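Reading through the structure tokens given below for one structure.
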Amino acid sequence: MEYAKVLSNLGKIRIEQQLYAGVEEMLKTSLSIKKQVAGECSMEYAETLNILGVYYTFSGNIKAAETALVQASKIKLELKGSDDISYVTSLIDLGTLKFMTREFSEAEQYYKKSVELGCIASEPLSFGGLMCLSSLYATMGKYPEAKVYVEQYITAIRSSYPKEHPNYIAALTNLGGFQVVLSEYDEAEQTLLESSALSLAAFGKKHNYYIHSLSGLSVLYSKTGQYEKAESVAEKSLSISKALHGQNHPEIVRGLNNLAALYLKTGNYVKAIQAVTEAMEITTQTVGLNSIEYVRLSNVLANIHISKEEFEKAYPILLHADSLLATIEGGHTELELALLNNVNRVLFNIQSVEDTVLEKRLIEVIEKKKRLIGENESYSLSLSNLASFYDERNKHAQARIIFDSLLVAVERNSGEEGLLYHNILLNSSINYELTGDVEQAKQSFISFLELSKERVSSNFAFMTENERELYWKTLNHGIKRCQSFADRYKSKDTALAYLAYDCELFSKNLLLSSSQAVRQSILESNNKQLIADWNSLSALKNNPQSDTDTIRLLEKRLMVQSKEYQQLQASFSTVWNDVALSLADHEAAIEFITYEVADSTGIAERIYTALILRKNGAQTEIGMLTQCTESDLKKVLHSSAYDFDALYNLVWSPIDEYLHGIRNVYISPTGLLNSVPFAALRHKGKYLLDHYSIHTVLSSKDIISLKSNRQQFSNRRAILFGGADFGLATEDFGNSVVRGQGFDYLPGSKQEVEEIGKILSDMDWNVATYIDKNATETTLKANLEQNAPALLHISTHGYYFPLAEKLSLPESNEFYKRSDNPLMRCGLLFSGANSTWNGEIQAANTDDGILTAYEISNLNLSNTGLIVLSACDTGLGDVDYSEGVYGLQRAFRLAGAKSMIVSLWKVSDKETVTIITEFYKNWSKEMDIKQAFSVTLHKLRTKHPDDPKNWAGFVMIE
């Protein structure tokens, strides 16, 4: 009998270690001995039979597993009763069997029964059903329920286990993962940091629990856009995993796969391919080519090539993966569909594929999806792709039939709110445009825009920065296509200009709005009902199966209880007429827009157009004036950055005639126009500064708030940073130092803030000045935590890497150059930055001397009326046409700052000091900040009448 017990225990241990060789024979020998000694109706026999059932579950013999587990549970029930821990664990094992076979309803019943009986048993092992229910609901996508049950498990075992117990640590890690999915990022970080600290203290670095908690942190940082932290933690996790398991282990493959996903997000394609290739080599050695793991990795590798637009390389990889999948037994529908979708994407972009082959393949995919999963969303999306294929081949009638049926079917099955209906509506609008049905296209595009507003209004407050950008990239194509349509047919319908204007207001509003202030105001309100409603709504928004009526009820309650939430919701409904009503008779608002227009040969050219809104008595007039092509604009900007006459002729000349009688012009630039100093554009020796009072805004929607809330500072507290010690020896660089060319000490920067400090002190401001080694990122953040100042002045180096430079550096180890997130590729430098920049310390450190635009966007600057950045290139950022300037100015606006003074190009240290100190001197003469800035430009323009580069490099954004 003792030998039989040893065999049973050894078999159980090997199952836990996933070492299945010889286990069945071992357990059957034990079972035979126990049958002879104790009989088939003994607990000894039932326990071994249960272990054998578990073995069959994980080795894939489902029928044998169910027979063994059911028989074992019956014996236990008869001998011990339903409240015995042994019977409870049998129910859990039966639930796991059903979970493995994806019979979720039956698994749920078993787990819930085990939880019910486990409460009676009140033993730690009986609480396992709570964890199993949590895992089940997570697999089903019901994360709020998953979180509830893991929290119940943690509460239940606290009195029985110390915090260092592996069950407690594992539960914490799971909880942190659910909090990430539910966008509870602050809570998730605390949970996962606790989990990693406990596992490190209890088991040391070389343990799976520590590795899993690090993996959770990596996912969190990736989800919140902190890719450098995510990358650092993931690399650390993989290194420990290799030391623990060796080179050839499933955990290594999992870690490499996670790293590849991160490298892909940051645009480091070389490292991404290296990681996946290594994972594929390990998989080949351990489980072989004909394995589901190898097929998954092949799909990941193909995705990387697709991201690089290397479609010819991706195609054979996908075909090979598809052929391998066909030889593997079992249902792998999700992976098969992923391969099908990627094959479609590739075929659409391989020029060598004939239309007949592509059409045949598209139809095959549609039929295969219908067979595998029925007429669901994925099937409908493939049908929409087929219709778009017909449109591209001028078979518009065939496309129209598909779009009409799809719109009806999708609205009936999943409603108008879903992204699928949204995309089909856009493609249907394009179909109407291609057939020349202007009125139908107009109405369809209007419906598309209104649906876009509704989706954003409903979900924006609960989106992360990454989710907003991903959604925007999906939405942007439709917005730009709508504007292109308006430009193409404006002569037939002048009202189309208003549609184009509304599109631009919406697009900029999406990118310049932040939900941070809303969330913070609610969580700090001390209103328990409001906080509970917010948390409930947040959880529901992250669960696609949530009840729509419940969501709407909670939204209505939040609208009543929170002014900030109400304002955020309303902001997305702003239209051209709201802007027009804020304009006086002598004022005009100009929204610059850009989109692509294809010529007769199909070659696309980017066009810049001005939308000009002005009053004419009681009427509002709008002009839609095409200015120039991007290629022409690039020629002027690249030939000479200071050719202000040429810029006038290209950019402003088409507009000038439309502005008779206008004195105040509000300009909202886009794309490359963000680097144009409008005040300095020159015609016949006269600057625009001489003709107009120019106001630069990020969106013309800002005119409304500028008119209703004139600049008032909430306090008279100013914080100044300058003369930072970047880590190099201080030298006397004379007057030739140019900000933005390397991170050397800026002697004029220290002089600048010291002079400004004196001016502000004389104006009775409470001034805090930080220079030399005190000008640190940590000091800045500490000053902003409690109460942001009314004025923040930062005189330092700025950095900015455009998208083109990022793509040309795929192997670079400098995260700030290769990050896929534009808000990481620009920022400000503080004391100690050179160490991080040169790779001497890890960029994952919290405060490393480099303040990225991403970090800035997460600050709370709602009380800050003015930001002055006398670094270089601070007005710049990625020229991404879905987003306009994606630089520091956007980051500071997201943080809540009102007005900004930024630089458009490299300005000498000496001239910077002159311009900035002159501004503060004028401001001290009881002018408002806009007036002070205008007076400064006029004075310097008089001083340098023929050399605007000495005064036009700074722009004020209101």
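By convention here, the chains of the structure tokens are called A, B, ... in the order presented, each chain's residues are numbered starting at 1, and ligands are numbered starting at 1 in the order presented.
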>> For segment 790-795 of chain A, find every residue with an atom within 9 Å (counting only C-alpha atoms), except residues of its own chain fewer than 2 positions away, and show them as a PyMOL selection string.
In response: chain A and resi 713-724+746+749-750+752-753+788+797+828+861+863-871
>> Taking only segment 118-352 of chain A into account, list the residues labelled helix (DSSP H, G or I) by DSSP (computed from the backbone), as a VMD selection string.
In response: chain A and resid 118 to 121 124 to 139 143 to 157 166 to 181 185 to 203 208 to 223 227 to 245 250 to 265 269 to 286 292 to 307 311 to 326 333 to 349
> Using only C-alpha atoms, which residues sit within 7 Å of segment 605-617 of chain A once same-chain residues fewer than 2 positions away are excluded, as a VMD selection string?
Replying inline: chain A and resid 501 580 583 to 585 587 to 598 603 619 to 630
> Excluding same-chain residues fewer than 3 positions from Ser380 of chain A, what lies within 12 Å of it counting only C-alpha atoms, as a PyMOL selection string?
Replying inline: chain A and resi 365-367+369-370+373-377+383-387+402-403+405-411+413-414+419-421+423-424
Keeping C-alpha atoms, export the residues of the selection given above as a CSV table (one decimal), in the first residue's frame.
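File part-v2.csv, as written:
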```csv
chain,number,residue,atom,x,y,z
A,365,VAL,CA,-11.8,33.3,-47.4
A,366,ILE,CA,-15.4,34.4,-47.1
A,367,GLU,CA,-16.7,30.9,-47.7
A,369,LYS,CA,-15.1,32.0,-42.5
A,370,LYS,CA,-18.8,31.3,-43.0
A,373,ILE,CA,-17.7,30.7,-37.6
A,374,GLY,CA,-20.9,31.6,-39.4
A,375,GLU,CA,-21.9,35.1,-40.6
A,376,ASN,CA,-20.3,37.0,-37.7
A,377,GLU,CA,-18.3,40.3,-37.7
A,383,LEU,CA,-17.4,40.8,-47.4
A,384,SER,CA,-16.7,44.5,-47.1
A,385,ASN,CA,-13.1,43.9,-48.3
A,386,LEU,CA,-14.5,42.1,-51.4
A,387,ALA,CA,-16.8,45.1,-52.1
A,402,ILE,CA,-22.7,44.0,-51.1
A,403,PHE,CA,-22.6,47.3,-49.1
A,405,SER,CA,-26.9,44.1,-47.8
A,406,LEU,CA,-24.1,44.5,-45.3
A,407,LEU,CA,-25.4,47.7,-43.8
A,408,VAL,CA,-28.8,46.1,-43.1
A,409,ALA,CA,-27.4,42.9,-41.8
A,410,VAL,CA,-24.8,44.4,-39.5
A,411,GLU,CA,-27.2,47.0,-38.1
A,413,ASN,CA,-27.1,41.9,-35.7
A,414,SER,CA,-24.8,44.2,-33.8
A,419,LEU,CA,-16.7,49.6,-35.3
A,420,LEU,CA,-17.6,47.2,-38.1
A,421,TYR,CA,-20.8,49.2,-39.1
A,423,ASN,CA,-16.1,50.9,-41.4
A,424,ILE,CA,-18.7,49.6,-43.7
```
> Which residues come within 10 Å of Glu334 of chain A, counting only C-alpha atoms, excluding same-chain residues fewer than 5 positions away, as a list in words?
Replying inline: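 Here the answer would be Leu339, Leu340, Leu372 and Ile373 of chain A.
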Can those selected residues be exported to a file as a CSV table (one decimal), in the first residue's frame so that it contains N, CA, C and O atoms?
```
chain,number,residue,atom,x,y,z
A,339,LEU,N,-4.5,33.8,-39.7
A,339,LEU,CA,-3.7,33.6,-40.9
A,339,LEU,C,-4.5,34.0,-42.2
A,339,LEU,O,-3.9,34.7,-43.1
A,340,LEU,N,-5.8,33.7,-42.3
A,340,LEU,CA,-6.6,34.1,-43.4
A,340,LEU,C,-6.6,35.6,-43.6
A,340,LEU,O,-6.4,36.1,-44.7
A,372,LEU,N,-16.5,28.1,-40.8
A,372,LEU,CA,-15.9,28.0,-39.5
A,372,LEU,C,-16.7,28.7,-38.4
A,372,LEU,O,-16.8,28.2,-37.3
A,373,ILE,N,-17.1,29.9,-38.7
A,373,ILE,CA,-17.7,30.7,-37.6
A,373,ILE,C,-19.0,31.3,-37.9
A,373,ILE,O,-19.6,32.1,-37.1
```
> Which one of A:Ser857, A:Ser215, A:Tyr648, A:Ala230 sits closest to Gly896 of chain A if you count only C-alpha atoms?
Replying inline: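 Closest residue, counting only C-alpha atoms: A:Ser857.
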>> I need the residue nearest Ser447 of chain A from this list: A:Leu425, A:Leu200, A:Cys41, A:Leu530. Use only C-alpha atoms for the distance.
In response: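 Going through A:Leu425, A:Leu200, A:Cys41, A:Leu530 one by one, the smallest distance to Ser447 of chain A is for A:Leu425.
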>> If we count only C-alpha atoms and set the cut-off at 9 Å, which residues sit around segment 101-110 of chain A, ignoring sequence neighbours fewer than 5 positions away in its own chain? Please answer as a PyMOL selection string.
In response: chain A and resi 62+91-96+115+129+132-133+136-137+140
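Minimum atom-to-atom distance to Ile446 of chain A, evaluated using only C-alpha atoms, belongs to A:Cys503 out of A:Cys503, A:Val148, A:Val651, A:Leu888.
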> Of the candidates A:Lys12, A:Lys442, A:Lys898, A:Lys206, which shows the shortest atom-to-atom distance to Ala495 of chain A, using only C-alpha atoms?
Replying inline: A:Lys442
> At what distance in Å, to one decimal, does atom CA of Thr917 of chain A lie from atom CA of Ser899 of chain A?
Replying inline: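 Straight-line distance from atom CA of Ser899 of chain A to atom CA of Thr917 of chain A works out to 17.6 Å.
With only C-alpha atoms as the atoms that count, the minimum distance from Ile479 of chain A to the choices A:Arg519, A:Arg393, A:Arg400, A:Lys453 is reached by A:Lys453.
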>> If we count only C-alpha atoms and set the cut-off at 8 Å, which residues sit around Phe506 of chain A, ignoring sequence neighbours fewer than 3 positions away in its own chain? Please answer as a PyMOL selection string.
In response: chain A and resi 453+502-503+509-510+572-574
Any chance you can output those residues with all heavy atoms as an mmCIF file, in the first residue's frame?
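As a result, out_10.cif now contains:
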```cif
data_model
loop_
_atom_site.group_PDB
_atom_site.id
_atom_site.type_symbol
_atom_site.label_atom_id
_atom_site.label_comp_id
_atom_site.auth_asym_id
_atom_site.auth_seq_id
_atom_site.Cartn_x
_atom_site.Cartn_y
_atom_site.Cartn_z
ATOM 1 N N LYS A 453 -18.396 60.742 -33.864
ATOM 2 C CA LYS A 453 -18.531 61.593 -32.675
ATOM 3 C C LYS A 453 -19.196 60.835 -31.530
ATOM 4 O O LYS A 453 -18.782 60.937 -30.368
ATOM 5 C CB LYS A 453 -19.344 62.837 -33.015
ATOM 6 C CG LYS A 453 -18.635 63.832 -33.922
ATOM 7 C CD LYS A 453 -19.527 65.037 -34.180
ATOM 8 C CE LYS A 453 -18.871 66.061 -35.076
ATOM 9 N NZ LYS A 453 -19.728 67.239 -35.312
ATOM 10 N N ASP A 502 -16.018 70.748 -40.034
ATOM 11 C CA ASP A 502 -16.451 69.948 -38.883
ATOM 12 C C ASP A 502 -15.554 68.730 -38.692
ATOM 13 O O ASP A 502 -15.274 68.317 -37.555
ATOM 14 C CB ASP A 502 -17.905 69.509 -39.054
ATOM 15 C CG ASP A 502 -18.887 70.641 -38.794
ATOM 16 O OD1 ASP A 502 -18.462 71.690 -38.279
ATOM 17 O OD2 ASP A 502 -20.079 70.475 -39.118
ATOM 18 N N CYS A 503 -15.125 68.140 -39.797
ATOM 19 C CA CYS A 503 -14.207 66.995 -39.714
ATOM 20 C C CYS A 503 -12.914 67.397 -39.012
ATOM 21 O O CYS A 503 -12.391 66.667 -38.162
ATOM 22 C CB CYS A 503 -13.890 66.457 -41.109
ATOM 23 S SG CYS A 503 -15.185 65.458 -41.858
ATOM 24 N N ASN A 509 -9.947 67.880 -31.944
ATOM 25 C CA ASN A 509 -10.489 67.784 -30.597
ATOM 26 C C ASN A 509 -10.166 66.431 -29.966
ATOM 27 O O ASN A 509 -9.850 66.333 -28.782
ATOM 28 C CB ASN A 509 -12.009 67.987 -30.628
ATOM 29 C CG ASN A 509 -12.560 68.374 -29.280
ATOM 30 O OD1 ASN A 509 -11.867 68.971 -28.471
ATOM 31 N ND2 ASN A 509 -13.803 68.019 -29.024
ATOM 32 N N LEU A 510 -10.223 65.389 -30.785
ATOM 33 C CA LEU A 510 -9.902 64.052 -30.286
ATOM 34 C C LEU A 510 -8.466 63.980 -29.793
ATOM 35 O O LEU A 510 -8.176 63.386 -28.757
ATOM 36 C CB LEU A 510 -10.133 63.027 -31.403
ATOM 37 C CG LEU A 510 -9.713 61.580 -31.106
ATOM 38 C CD1 LEU A 510 -10.454 61.045 -29.891
ATOM 39 C CD2 LEU A 510 -9.975 60.706 -32.314
ATOM 40 N N PHE A 572 -17.068 67.127 -27.977
ATOM 41 C CA PHE A 572 -16.958 66.466 -29.274
ATOM 42 C C PHE A 572 -18.087 66.839 -30.230
ATOM 43 O O PHE A 572 -18.083 66.427 -31.384
ATOM 44 C CB PHE A 572 -16.907 64.948 -29.086
ATOM 45 C CG PHE A 572 -15.674 64.489 -28.366
ATOM 46 C CD1 PHE A 572 -15.736 64.050 -27.055
ATOM 47 C CD2 PHE A 572 -14.443 64.536 -28.995
ATOM 48 C CE1 PHE A 572 -14.591 63.644 -26.380
ATOM 49 C CE2 PHE A 572 -13.291 64.142 -28.338
ATOM 50 C CZ PHE A 572 -13.363 63.697 -27.026
ATOM 51 N N SER A 573 -19.036 67.604 -29.749
ATOM 52 C CA SER A 573 -20.143 68.010 -30.613
ATOM 53 C C SER A 573 -19.937 69.406 -31.207
ATOM 54 O O SER A 573 -20.809 69.928 -31.888
ATOM 55 C CB SER A 573 -21.467 67.983 -29.818
ATOM 56 O OG SER A 573 -21.415 68.892 -28.735
ATOM 57 N N THR A 574 -18.769 70.024 -30.967
ATOM 58 C CA THR A 574 -18.490 71.357 -31.505
ATOM 59 C C THR A 574 -18.514 71.339 -33.037
ATOM 60 O O THR A 574 -17.930 70.453 -33.666
ATOM 61 C CB THR A 574 -17.105 71.849 -31.039
ATOM 62 O OG1 THR A 574 -17.057 71.821 -29.609
ATOM 63 C CG2 THR A 574 -16.848 73.270 -31.515
#
```
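Using only C-alpha atoms, the smallest distance between any of A:Phe389, A:Leu512, A:Gln786, A:Asp928 and Ala891 of chain A comes from A:Leu512.
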